[in-house]
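Written below as structure tokens is the structure these notes are about.
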Amino acid sequence: MRAFAGGFYQNLIRMYDYLGVNYHAQPFLFSFTKLPQTQQSKSSANPCIPGPKMVYASNFHQIPPVPRTMDLINWCMEAVYAVLCYSWFTLCCFFIAPYAENAQTGRPGESLDHYLRRIWLPQYYVMNYLLPLISSVCTCSHQELLCFPASDILDYKRRTHRQQHFVVSSGVQSVQTKLLEGLEVRLGVDISGVTPEEDGVQINYTSANGSVCEKFDLVVLAVSPDAAAALFPSLNAQLSTIPTTTVETVAHTDESSITPTLRATTTSTSLKDIGSGQTQRIHFYSNGSITEAVHEQPHSIFVTTNPLLPMKESKVIRSARFTRVLRSPRSRLTINSIFQNRNELPRSPSSWRNGDGGIFLAGGWCWDGMVLLEGCIVSAMRVAAQLDVVVPWLETEN
């Protein structure tokens, strides 16, 4: 993850404090660039990349640079327009609630697209600023983001408003090391099925030793919904309503795509100090339907998500493709029915709730909110509560 914000990641921060994980405040500069219509994909050769239209400082921590590719008067008009639209959107987040869902009738809540049109937020601002920024957080296309429940985005904005961003000082790998202490880890295991039985849960898997059937008291599936449904077919009917997509992330050293942005916003075209200062830069390149995000890292390393622009294969350090769980008002109803309290609304005989048969679900999508790391923590805490396990960082607060 790039960073986590105070206000939204409350339980993640409590866990980090309990584990002794060091983190520090990290300001960002965001640049917004609209790609020309001819540059529709990363397969286009020798793309003509314009300079950015706007540079925004997180929480207005500094005066952002004026891109030298823009006339000062035009930039001032663009900046005033963006600030006014941002202010209106912020006011709406706090004072105009989205239409609520009705779990009893099965009526879904309001989508982000419908909400933005209802509050008359200008499409120019939506397409050039709001969607590129939020879609980079959710790592999805603009249309997929517009289908999200409006409540997700508004809740995220309210809770992160004027809050600082933080990053783990020694890298996320140090967190993984702490979390794995005392655990038995088996790698190279291909799980093919999970079957609840009267005296436990049977797991079928293949390893270097061949096919194995092993029984456990309970199982926690911390995987995407499509993977959970494949392992436990009884969930297929419910989880099939949850949309997913595939996201590509690339770590590389190819600075060619951001060179026009740097020339337009820095005093020197030298790239040797990229990412080494206190403020880090994230560049958004949008083609109108999807946004590529390039995050500058120390030592001239870049992390690109949803790549649109070409990059030299010789400069690619590592690339990965992973499943990103999306949200919709309809899937929100499904997820809330799975994870609702057992003492709440009655359920139909065919519906499954978390923990039935000794099987639990956990992950960033297993809560009522944006699919981010905070959801992983909250869903894990929910499983612990169902098993009467004390969450230690909650105990230290009392």
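Here's how to read the names in the structure tokens: chain A, B, ... by the order shown, residue numbers from 1 in each chain, ligand numbers from 1 in the order shown.
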
Wanna dump the stretch 301-388 of chain A-stretch 131-154 of chain A contacts at 6 Å for me, each residue with its shortest atom pair and the distance in Å to one decimal, counting only C-alpha atoms, ordered by chain and number, as CSV?
```
residue,atom,partner,partner_atom,distance
A:Arg327,CA,A:Phe148,CA,4.9
A:Ser328,CA,A:Phe148,CA,4.5
A:Pro329,CA,A:Pro149,CA,5.0
A:Gly369,CA,A:Asp152,CA,5.2
A:Met370,CA,A:Asp152,CA,5.5
```

Same residues, C-alpha atoms, saved as a JSON list (two decimals), in the first residue's frame:
```json
[["chain", "number", "residue", "atom", "x", "y", "z"],
["A", 327, "ARG", "CA", -18.35, -2.56, -4.87],
["A", 328, "SER", "CA", -21.90, -1.85, -5.98],
["A", 329, "PRO", "CA", -25.12, -1.03, -4.11],
["A", 369, "GLY", "CA", -16.85, 0.17, 3.32],
["A", 370, "MET", "CA", -14.22, 0.70, 0.66]]
```

Would you please extract all strand (DSSP E or B) residues from stretch 110-228 of chain A, as assigned by DSSP on the backbone, and give them as a PyMOL selection string? chain A and resi 111+149+165-168+190-197+200-207+210-216+219-221

Keeping only C-alpha atoms, write the selected residues as a PDB file, in the first residue's frame.
```pdb
ATOM      1  CA  SER A 111     -24.521   4.754  -6.563  1.00  0.00           C
ATOM      2  CA  PRO A 149     -22.125   2.849  -3.355  1.00  0.00           C
ATOM      3  CA  HIS A 165      -1.176  10.441   5.507  1.00  0.00           C
ATOM      4  CA  PHE A 166       1.303   7.981   7.040  1.00  0.00           C
ATOM      5  CA  VAL A 167       3.718   5.347   5.773  1.00  0.00           C
ATOM      6  CA  VAL A 168       5.516   2.541   7.608  1.00  0.00           C
ATOM      7  CA  ASP A 190      -2.866 -25.583  -3.740  1.00  0.00           C
ATOM      8  CA  ILE A 191      -6.189 -25.782  -1.884  1.00  0.00           C
ATOM      9  CA  SER A 192      -8.958 -27.349  -3.947  1.00  0.00           C
ATOM     10  CA  GLY A 193     -11.886 -27.507  -1.541  1.00  0.00           C
ATOM     11  CA  VAL A 194     -13.257 -26.696   1.905  1.00  0.00           C
ATOM     12  CA  THR A 195     -16.028 -28.915   3.289  1.00  0.00           C
ATOM     13  CA  PRO A 196     -17.817 -28.367   6.630  1.00  0.00           C
ATOM     14  CA  GLU A 197     -18.534 -31.557   8.599  1.00  0.00           C
ATOM     15  CA  GLY A 200     -14.807 -29.847  11.949  1.00  0.00           C
ATOM     16  CA  VAL A 201     -13.881 -28.594   8.505  1.00  0.00           C
ATOM     17  CA  GLN A 202     -12.078 -30.725   5.935  1.00  0.00           C
ATOM     18  CA  ILE A 203      -9.558 -29.107   3.598  1.00  0.00           C
ATOM     19  CA  ASN A 204      -8.440 -30.819   0.405  1.00  0.00           C
ATOM     20  CA  TYR A 205      -5.157 -29.600  -0.994  1.00  0.00           C
ATOM     21  CA  THR A 206      -2.191 -30.593  -3.118  1.00  0.00           C
ATOM     22  CA  SER A 207       1.404 -30.094  -2.043  1.00  0.00           C
ATOM     23  CA  GLY A 210       0.656 -35.178  -3.270  1.00  0.00           C
ATOM     24  CA  SER A 211      -3.071 -34.846  -2.544  1.00  0.00           C
ATOM     25  CA  VAL A 212      -3.939 -34.450   1.137  1.00  0.00           C
ATOM     26  CA  CYS A 213      -7.179 -34.289   3.176  1.00  0.00           C
ATOM     27  CA  GLU A 214      -6.777 -32.596   6.539  1.00  0.00           C
ATOM     28  CA  LYS A 215      -9.359 -31.676   9.168  1.00  0.00           C
ATOM     29  CA  PHE A 216      -9.404 -28.469  11.232  1.00  0.00           C
ATOM     30  CA  VAL A 219     -11.243 -22.268   8.661  1.00  0.00           C
ATOM     31  CA  VAL A 220     -10.783 -18.582   7.846  1.00  0.00           C
ATOM     32  CA  LEU A 221     -10.798 -17.847   4.111  1.00  0.00           C
TER      33      LEU A 221
END
```

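Distance-wise, atom CA of A:Thr259 and atom CA of A:Ala320 end up 24.1 Å apart.
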
Which value, in Å to one decimal, gives the distance between atom CA of A:Pro260 and atom CA of A:Ala5? 29.3 Å

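Atom CA of A:Leu326 to atom CA of A:Phe360 spans 20.1 Å [interatomic distance, one decimal].
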
Surrounding residues of A:Ala228 excluding itself and chain neighbours under 5 positions, 10 Å, only C-alpha atoms, as a list in words: Gly193, Val194, Leu221, Ala222, Val223, Pro233, Ser234, Leu235, Asn236, Leu239 and Leu361 of chain A

DSSP on the backbone: which residues in stretch 95-259 of chain A end up as helix (DSSP H, G or I)? Give the answer as number ranges by chain. A: 95, 112-118, 123-138, 142-146, 150-160, 172-179, 225-231, 233-239, 256-259

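Considering only C-alpha atoms, the residue among A:Ser257, A:Pro50, A:Tyr56, A:Gly364 positioned nearest to A:Met70 is A:Pro50.
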
Need to verify the contact set: A:Gln62, 12 Å, only C-alpha atoms, exclusion of same-chain residues closer than 4 positions in sequence. Can you return it as a list in words? Pro27, Phe28, Leu29, Phe30, Val55, Tyr56, Ala57, Ser58 and Thr279 of chain A

Please provide as a short mmCIF file (atom, residue, chain, number, x, y, z; two decimals) with N, CA and C atoms, in the first residue's frame all residues within 8 Å of A:Ala100, with the sequence filter that same-chain residues fewer than 4 positions apart are discarded (counting only C-alpha atoms).
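Dumped everything to around34.cif:
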```cif
data_model
loop_
_atom_site.label_atom_id
_atom_site.label_comp_id
_atom_site.auth_asym_id
_atom_site.auth_seq_id
_atom_site.Cartn_x
_atom_site.Cartn_y
_atom_site.Cartn_z
N PRO A 108 -31.42 -1.46 -3.23
CA PRO A 108 -30.05 -1.00 -2.99
C PRO A 108 -29.99 0.50 -2.77
N GLY A 109 -28.88 0.96 -2.21
CA GLY A 109 -28.67 2.38 -1.99
C GLY A 109 -28.25 3.10 -3.27
N GLU A 110 -27.83 4.33 -3.11
CA GLU A 110 -27.50 5.19 -4.25
C GLU A 110 -26.07 4.95 -4.72
#
```

Excluding stretch 82-92 of chain A and its own-chain neighbours fewer than 4 positions away, which residues fall within 12 Å of it when counting only C-alpha atoms? Please give them as number ranges by chain. A: 32, 53-56, 60, 75-78, 96-98, 115-130, 150-151, 153-162

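Each of A:Asn59, A:Ser300, A:Glu198, A:Phe284 was checked against A:Asp217 using only C-alpha atoms; the smallest atom-to-atom distance is that of A:Glu198.
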
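Around stretch 245-256 of chain A, within 7 Å and counting only C-alpha atoms, the residues found are Thr139, Ile258, Thr259, Ser300, Ile301, Phe302, Val303, Thr304, Thr305, Asn306, Met311, Lys312, Lys315, Val316, Ile317, Arg318, Ser319, Ala320, Arg321, Phe322, Thr323, Arg324 and Val325 of chain A, once anything fewer than 2 positions away on its own chain is removed.
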
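Among the candidates A:Lys178, A:Ser314, A:Gly288, A:Leu218, the residue lying nearest to A:Val383 is A:Leu218 (atoms considered: only C-alpha atoms).
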